[in-house]
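Listing of data.pdb, PDB, C-alpha atoms, pLDDT in the B column
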ATOM      1  CA  MET A   1     -73.262-126.340 -33.771  1.00 72.00           C
ATOM      2  CA  MET A   2     -73.757-127.661 -30.279  1.00 86.00           C
ATOM      3  CA  ILE A   3     -71.010-128.105 -27.695  1.00 93.00           C
ATOM      4  CA  SER A   4     -71.370-131.451 -25.918  1.00 95.00           C
ATOM      5  CA  THR A   5     -71.006-132.026 -22.195  1.00 97.00           C
ATOM      6  CA  LYS A   6     -67.548-133.414 -22.976  1.00 97.00           C
ATOM      7  CA  GLY A   7     -66.375-129.997 -24.187  1.00 97.00           C
ATOM      8  CA  LYS A   8     -68.204-128.155 -21.434  1.00 97.00           C
ATOM      9  CA  TYR A   9     -66.809-130.389 -18.684  1.00 98.00           C
ATOM     10  CA  ALA A  10     -63.312-130.200 -20.175  1.00 98.00           C
ATOM     11  CA  LEU A  11     -63.431-126.421 -19.796  1.00 98.00           C
ATOM     12  CA  GLN A  12     -64.799-126.742 -16.254  1.00 97.00           C
ATOM     13  CA  THR A  13     -61.978-129.146 -15.379  1.00 98.00           C
ATOM     14  CA  LEU A  14     -59.286-126.851 -16.765  1.00 98.00           C
ATOM     15  CA  LEU A  15     -60.829-123.886 -14.956  1.00 97.00           C
ATOM     16  CA  ASP A  16     -60.928-125.887 -11.722  1.00 97.00           C
ATOM     17  CA  LEU A  17     -57.226-126.720 -12.072  1.00 97.00           C
ATOM     18  CA  ALA A  18     -56.368-123.115 -12.975  1.00 96.00           C
ATOM     19  CA  GLN A  19     -58.225-121.893  -9.871  1.00 94.00           C
ATOM     20  CA  GLN A  20     -56.326-124.416  -7.760  1.00 90.00           C
ATOM     21  CA  GLU A  21     -53.023-123.223  -9.194  1.00 87.00           C
ATOM     22  CA  LYS A  22     -53.973-119.613  -8.500  1.00 81.00           C
ATOM     23  CA  ARG A  23     -54.807-120.471  -4.868  1.00 78.00           C
ATOM     24  CA  SER A  24     -51.594-122.474  -4.530  1.00 70.00           C
ATOM     25  CA  SER A  25     -49.456-119.628  -5.842  1.00 66.00           C
ATOM     26  CA  GLU A  26     -51.067-117.252  -3.336  1.00 62.00           C
ATOM     27  CA  VAL A  27     -49.868-119.464  -0.477  1.00 50.00           C
ATOM     28  CA  SER A  28     -46.534-120.367  -2.114  1.00 45.00           C
ATOM     29  CA  THR A  29     -47.302-124.037  -2.774  1.00 50.00           C
ATOM     30  CA  CYS A  30     -47.126-123.918  -6.543  1.00 53.00           C
ATOM     31  CA  GLY A  31     -47.331-127.124  -8.525  1.00 61.00           C
ATOM     32  CA  ASP A  32     -49.885-129.092  -6.514  1.00 85.00           C
ATOM     33  CA  TYR A  33     -51.604-131.938  -8.308  1.00 93.00           C
ATOM     34  CA  VAL A  34     -55.361-132.309  -7.858  1.00 94.00           C
ATOM     35  CA  SER A  35     -57.045-135.706  -7.697  1.00 95.00           C
ATOM     36  CA  LEU A  36     -59.870-136.596 -10.051  1.00 95.00           C
ATOM     37  CA  LYS A  37     -62.057-137.332  -7.059  1.00 95.00           C
ATOM     38  CA  VAL A  38     -61.708-133.755  -5.827  1.00 95.00           C
ATOM     39  CA  ILE A  39     -62.409-132.304  -9.280  1.00 96.00           C
ATOM     40  CA  ALA A  40     -65.392-134.615  -9.799  1.00 97.00           C
ATOM     41  CA  GLU A  41     -66.899-133.561  -6.465  1.00 96.00           C
ATOM     42  CA  ARG A  42     -66.289-129.844  -6.983  1.00 95.00           C
ATOM     43  CA  GLN A  43     -67.617-129.858 -10.556  1.00 96.00           C
ATOM     44  CA  ASN A  44     -70.378-132.438 -10.027  1.00 96.00           C
ATOM     45  CA  ILE A  45     -69.097-134.677 -12.829  1.00 96.00           C
ATOM     46  CA  SER A  46     -69.142-138.473 -12.640  1.00 97.00           C
ATOM     47  CA  MET A  47     -65.700-140.002 -12.089  1.00 96.00           C
ATOM     48  CA  LYS A  48     -66.043-142.333 -15.068  1.00 97.00           C
ATOM     49  CA  TYR A  49     -66.902-139.480 -17.446  1.00 97.00           C
ATOM     50  CA  LEU A  50     -64.194-137.251 -15.971  1.00 97.00           C
ATOM     51  CA  GLU A  51     -61.609-140.006 -16.458  1.00 97.00           C
ATOM     52  CA  ALA A  52     -62.442-140.120 -20.178  1.00 97.00           C
ATOM     53  CA  ILE A  53     -62.271-136.336 -20.511  1.00 98.00           C
ATOM     54  CA  VAL A  54     -58.990-136.051 -18.623  1.00 97.00           C
ATOM     55  CA  ALA A  55     -57.485-138.809 -20.774  1.00 97.00           C
ATOM     56  CA  VAL A  56     -58.196-136.701 -23.884  1.00 98.00           C
ATOM     57  CA  LEU A  57     -56.792-133.527 -22.268  1.00 98.00           C
ATOM     58  CA  ASN A  58     -53.727-135.378 -21.022  1.00 97.00           C
ATOM     59  CA  LYS A  59     -53.058-136.984 -24.419  1.00 97.00           C
ATOM     60  CA  GLY A  60     -53.540-133.573 -26.052  1.00 97.00           C
ATOM     61  CA  GLY A  61     -50.801-132.080 -23.879  1.00 97.00           C
ATOM     62  CA  LEU A  62     -52.990-129.791 -21.776  1.00 98.00           C
ATOM     63  CA  LEU A  63     -52.480-131.680 -18.524  1.00 97.00           C
ATOM     64  CA  LYS A  64     -49.662-133.263 -16.570  1.00 96.00           C
ATOM     65  CA  SER A  65     -50.349-136.214 -14.341  1.00 94.00           C
ATOM     66  CA  THR A  66     -48.614-138.072 -11.563  1.00 93.00           C
ATOM     67  CA  ARG A  67     -49.474-141.215  -9.652  1.00 91.00           C
ATOM     68  CA  GLY A  68     -49.305-142.001  -5.986  1.00 87.00           C
ATOM     69  CA  LYS A  69     -50.569-140.618  -2.707  1.00 85.00           C
ATOM     70  CA  ASP A  70     -50.198-136.998  -3.786  1.00 82.00           C
ATOM     71  CA  GLY A  71     -50.986-137.780  -7.416  1.00 88.00           C
ATOM     72  CA  GLY A  72     -53.465-136.163  -9.691  1.00 94.00           C
ATOM     73  CA  TYR A  73     -53.541-133.616 -12.486  1.00 96.00           C
ATOM     74  CA  ARG A  74     -52.432-130.069 -13.154  1.00 96.00           C
ATOM     75  CA  LEU A  75     -52.171-127.798 -16.153  1.00 97.00           C
ATOM     76  CA  ALA A  76     -49.263-128.581 -18.463  1.00 97.00           C
ATOM     77  CA  ARG A  77     -48.980-124.927 -19.481  1.00 96.00           C
ATOM     78  CA  PRO A  78     -50.029-121.631 -17.934  1.00 96.00           C
ATOM     79  CA  ALA A  79     -53.763-120.902 -18.162  1.00 97.00           C
ATOM     80  CA  SER A  80     -52.872-117.860 -20.275  1.00 97.00           C
ATOM     81  CA  GLU A  81     -51.539-120.178 -23.001  1.00 97.00           C
ATOM     82  CA  ILE A  82     -54.492-122.580 -23.285  1.00 98.00           C
ATOM     83  CA  THR A  83     -57.230-121.395 -25.637  1.00 98.00           C
ATOM     84  CA  VAL A  84     -60.850-122.484 -25.703  1.00 98.00           C
ATOM     85  CA  ALA A  85     -60.366-123.349 -29.396  1.00 97.00           C
ATOM     86  CA  GLU A  86     -57.635-125.816 -28.455  1.00 97.00           C
ATOM     87  CA  VAL A  87     -59.845-127.460 -25.828  1.00 98.00           C
ATOM     88  CA  MET A  88     -62.790-127.679 -28.221  1.00 97.00           C
ATOM     89  CA  ALA A  89     -60.618-129.154 -30.980  1.00 95.00           C
ATOM     90  CA  LEU A  90     -59.521-131.924 -28.615  1.00 97.00           C
ATOM     91  CA  THR A  91     -62.929-132.697 -27.173  1.00 97.00           C
ATOM     92  CA  GLU A  92     -65.348-131.835 -29.958  1.00 94.00           C
ATOM     93  CA  GLY A  93     -63.343-132.142 -33.154  1.00 89.00           C
ATOM     94  CA  SER A  94     -64.789-129.747 -35.689  1.00 86.00           C
ATOM     95  CA  LEU A  95     -67.039-126.887 -34.622  1.00 88.00           C
ATOM     96  CA  ALA A  96     -68.046-126.168 -38.199  1.00 87.00           C
ATOM     97  CA  PRO A  97     -71.626-124.877 -38.333  1.00 87.00           C
ATOM     98  CA  VAL A  98     -72.468-127.315 -41.157  1.00 85.00           C
ATOM     99  CA  SER A  99     -70.995-130.763 -41.717  1.00 79.00           C
ATOM    100  CA  CYS A 100     -70.090-130.182 -45.357  1.00 79.00           C
ATOM    101  CA  LEU A 101     -67.369-127.675 -44.406  1.00 77.00           C
ATOM    102  CA  ASP A 102     -65.149-130.478 -43.204  1.00 72.00           C
ATOM    103  CA  THR A 103     -65.346-132.179 -46.594  1.00 54.00           C
ATOM    104  CA  CYS A 104     -65.654-129.076 -48.800  1.00 46.00           C
ATOM    105  CA  GLY A 105     -62.278-127.802 -47.652  1.00 48.00           C
ATOM    106  CA  GLU A 106     -60.719-131.007 -48.975  1.00 53.00           C
ATOM    107  CA  GLY A 107     -62.601-130.961 -52.271  1.00 51.00           C
ATOM    108  CA  GLN A 108     -64.813-133.895 -51.243  1.00 60.00           C
ATOM    109  CA  CYS A 109     -68.180-132.135 -51.315  1.00 70.00           C
ATOM    110  CA  ALA A 110     -70.036-132.963 -54.519  1.00 73.00           C
ATOM    111  CA  HIS A 111     -71.971-129.681 -54.377  1.00 74.00           C
ATOM    112  CA  ALA A 112     -69.137-127.282 -53.519  1.00 72.00           C
ATOM    113  CA  ASP A 113     -68.871-125.733 -56.984  1.00 77.00           C
ATOM    114  CA  GLY A 114     -72.527-124.691 -57.103  1.00 82.00           C
ATOM    115  CA  CYS A 115     -73.143-124.091 -53.398  1.00 86.00           C
ATOM    116  CA  LEU A 116     -74.243-120.504 -52.892  1.00 90.00           C
ATOM    117  CA  THR A 117     -74.210-120.756 -49.097  1.00 89.00           C
ATOM    118  CA  GLN A 118     -70.709-122.221 -48.708  1.00 87.00           C
ATOM    119  CA  PRO A 119     -68.948-118.816 -48.431  1.00 89.00           C
ATOM    120  CA  MET A 120     -71.372-117.774 -45.680  1.00 93.00           C
ATOM    121  CA  TRP A 121     -70.754-120.973 -43.707  1.00 90.00           C
ATOM    122  CA  GLN A 122     -66.997-120.649 -44.178  1.00 90.00           C
ATOM    123  CA  LYS A 123     -67.058-117.091 -42.848  1.00 95.00           C
ATOM    124  CA  LEU A 124     -69.139-118.145 -39.846  1.00 95.00           C
ATOM    125  CA  ASP A 125     -66.709-120.991 -39.192  1.00 93.00           C
ATOM    126  CA  SER A 126     -63.749-118.605 -39.307  1.00 95.00           C
ATOM    127  CA  ILE A 127     -65.529-116.157 -36.959  1.00 96.00           C
ATOM    128  CA  ILE A 128     -66.188-118.945 -34.448  1.00 95.00           C
ATOM    129  CA  ASP A 129     -62.596-120.150 -34.675  1.00 95.00           C
ATOM    130  CA  ALA A 130     -61.164-116.644 -34.301  1.00 97.00           C
ATOM    131  CA  TYR A 131     -63.397-115.922 -31.312  1.00 97.00           C
ATOM    132  CA  LEU A 132     -62.544-119.147 -29.469  1.00 97.00           C
ATOM    133  CA  SER A 133     -58.848-118.823 -30.360  1.00 97.00           C
ATOM    134  CA  GLY A 134     -58.837-115.415 -28.684  1.00 98.00           C
ATOM    135  CA  ILE A 135     -60.105-116.685 -25.319  1.00 98.00           C
ATOM    136  CA  THR A 136     -57.813-118.393 -22.845  1.00 98.00           C
ATOM    137  CA  ILE A 137     -58.572-120.298 -19.675  1.00 98.00           C
ATOM    138  CA  GLU A 138     -57.090-117.340 -17.784  1.00 97.00           C
ATOM    139  CA  ASP A 139     -59.440-114.919 -19.588  1.00 98.00           C
ATOM    140  CA  ILE A 140     -62.450-116.913 -18.384  1.00 97.00           C
ATOM    141  CA  LEU A 141     -61.046-117.293 -14.890  1.00 95.00           C
ATOM    142  CA  CYS A 142     -60.422-113.563 -14.614  1.00 94.00           C
ATOM    143  CA  GLY A 143     -63.750-112.562 -16.179  1.00 94.00           C
ATOM    144  CA  ARG A 144     -62.182-110.913 -19.228  1.00 92.00           C
ATOM    145  CA  ILE A 145     -64.686-112.178 -21.768  1.00 86.00           C
TER
END
Would you encode the structure as C-alpha cells?
Amino acid sequence: MMISTKGKYALQTLLDLAQQEKRSSEVSTCGDYVSLKVIAERQNISMKYLEAIVAVLNKGGLLKSTRGKDGGYRLARPASEITVAEVMALTEGSLAPVSCLDTCGEGQCAHADGCLTQPMWQKLDSIIDAYLSGITIEDILCGRI
C-alpha cells in the first residue's frame, strides 16, 4: 500500500483550511473562504493538480465552495468530523494491502477458497481502516496522533 500525492495533498489542503478556520475563529471572522491560489502557494502544490484534488473533495462533500471576489473553499464540516479514512477513500479508493481483497470480498477471487494468507491480509486491512477511521483532521492539527 502506497498513498499517492493526491491523498497526501488532499490531507494537506484540508489541514490548511482547518488552520485557516482556527485562525479566523480566534479573530471572530468565522466562515472565510480561502482561494486555491493561496492554498497552492502555502502548500507548494501546482494549481492544476490542486484543482483536481479539490474537485474530488468538493464532490465528496468535504468542502464548500463559492465564486467571486471573496470566493474559494472551506471545510463543509468541522475538522473534528472529517476522518483520514474518509479522505483516503475519496482520493485513493481502496487502501487494501493486496489487490485481491477488493475482489475476494465479493466472491470474485478464483483462489479465495484455498488462500492461506487471505485472513492475514483481511486483518491488516481492517487494522488500517480502523486506525485511519480513528484520526480526524482536528487530531492531526492539534497533534493528537
On this file, the PyMOL selection byres ((chain A and resi 115-129) around 9) gives some set of residues; write that set as JSON, numbers by chain. {"A": [85, 95, 96, 97, 98, 100, 101, 104, 111, 112, 113, 114, 130, 131, 132, 133, 134]}
Would you write out, as a VMD selection string, every residue that the PyMOL selection byres ((chain A and resi 3) around 12) captures in this file? chain A and resid 1 to 2 4 to 11 84 to 85 87 to 89 91 to 97
Run the PyMOL selection byres ((chain A and resi 43-49) around 12) mentally over the shown coordinates, then write out the matched residues as an MDAnalysis selection string, using the chain letters and numbers from the document. chainID A and resid 5:17 35:42 50:56
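One finds CA of Leu141 in chain A at 21.1 Å from CA of Gly60 in chain A.
If you look at CA of Thr136 in chain A and CA of Thr66 in chain A, they are 24.5 Å away from each other.
CA of Gly143 in chain A is positioned 14.3 Å from CA of Lys22 in chain A.
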Would you please work out which residue, of A:Val34, A:Ala110, A:Leu90, A:Ser99, is nearest to Gly68 in chain A when using all atoms listed in the file? A:Val34
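Candidate residues A:Thr83, A:Asn58, A:Ser65, A:Gln19 were compared for distance to Tyr33 in chain A, and the nearest is A:Ser65, using all atoms listed in the file.
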Taking 6 positions as the minimum chain separation for residues in the same chain, which residues sit within 9 Å of Pro78 in chain A when counting all atoms listed in the file? Answer as a PyMOL selection string. chain A and resi 18+137-138
Those residues you just picked out, can you put them in a file as a PDB file, keeping the file's coordinate frame with C-alpha atoms?
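Output contents, as saved in again_26.pdb:
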ATOM      1  CA  ALA A  18     -56.368-123.115 -12.975  1.00 96.00           C
ATOM      2  CA  ILE A 137     -58.572-120.298 -19.675  1.00 98.00           C
ATOM      3  CA  GLU A 138     -57.090-117.340 -17.784  1.00 97.00           C
TER       4      GLU A 138
END
Check the smallest atom-to-atom distance from each of A:Leu62, A:Cys109, A:Asp32, A:Leu57 to Glu81 in chain A using all atoms listed in the file, then report the winner. A:Leu62
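Among the candidate residues A:Ile145, A:Ile135, A:Arg67, A:Asp102, the one lying nearest to Ala79 in chain A is A:Ile135, with distances computed using all atoms listed in the file.
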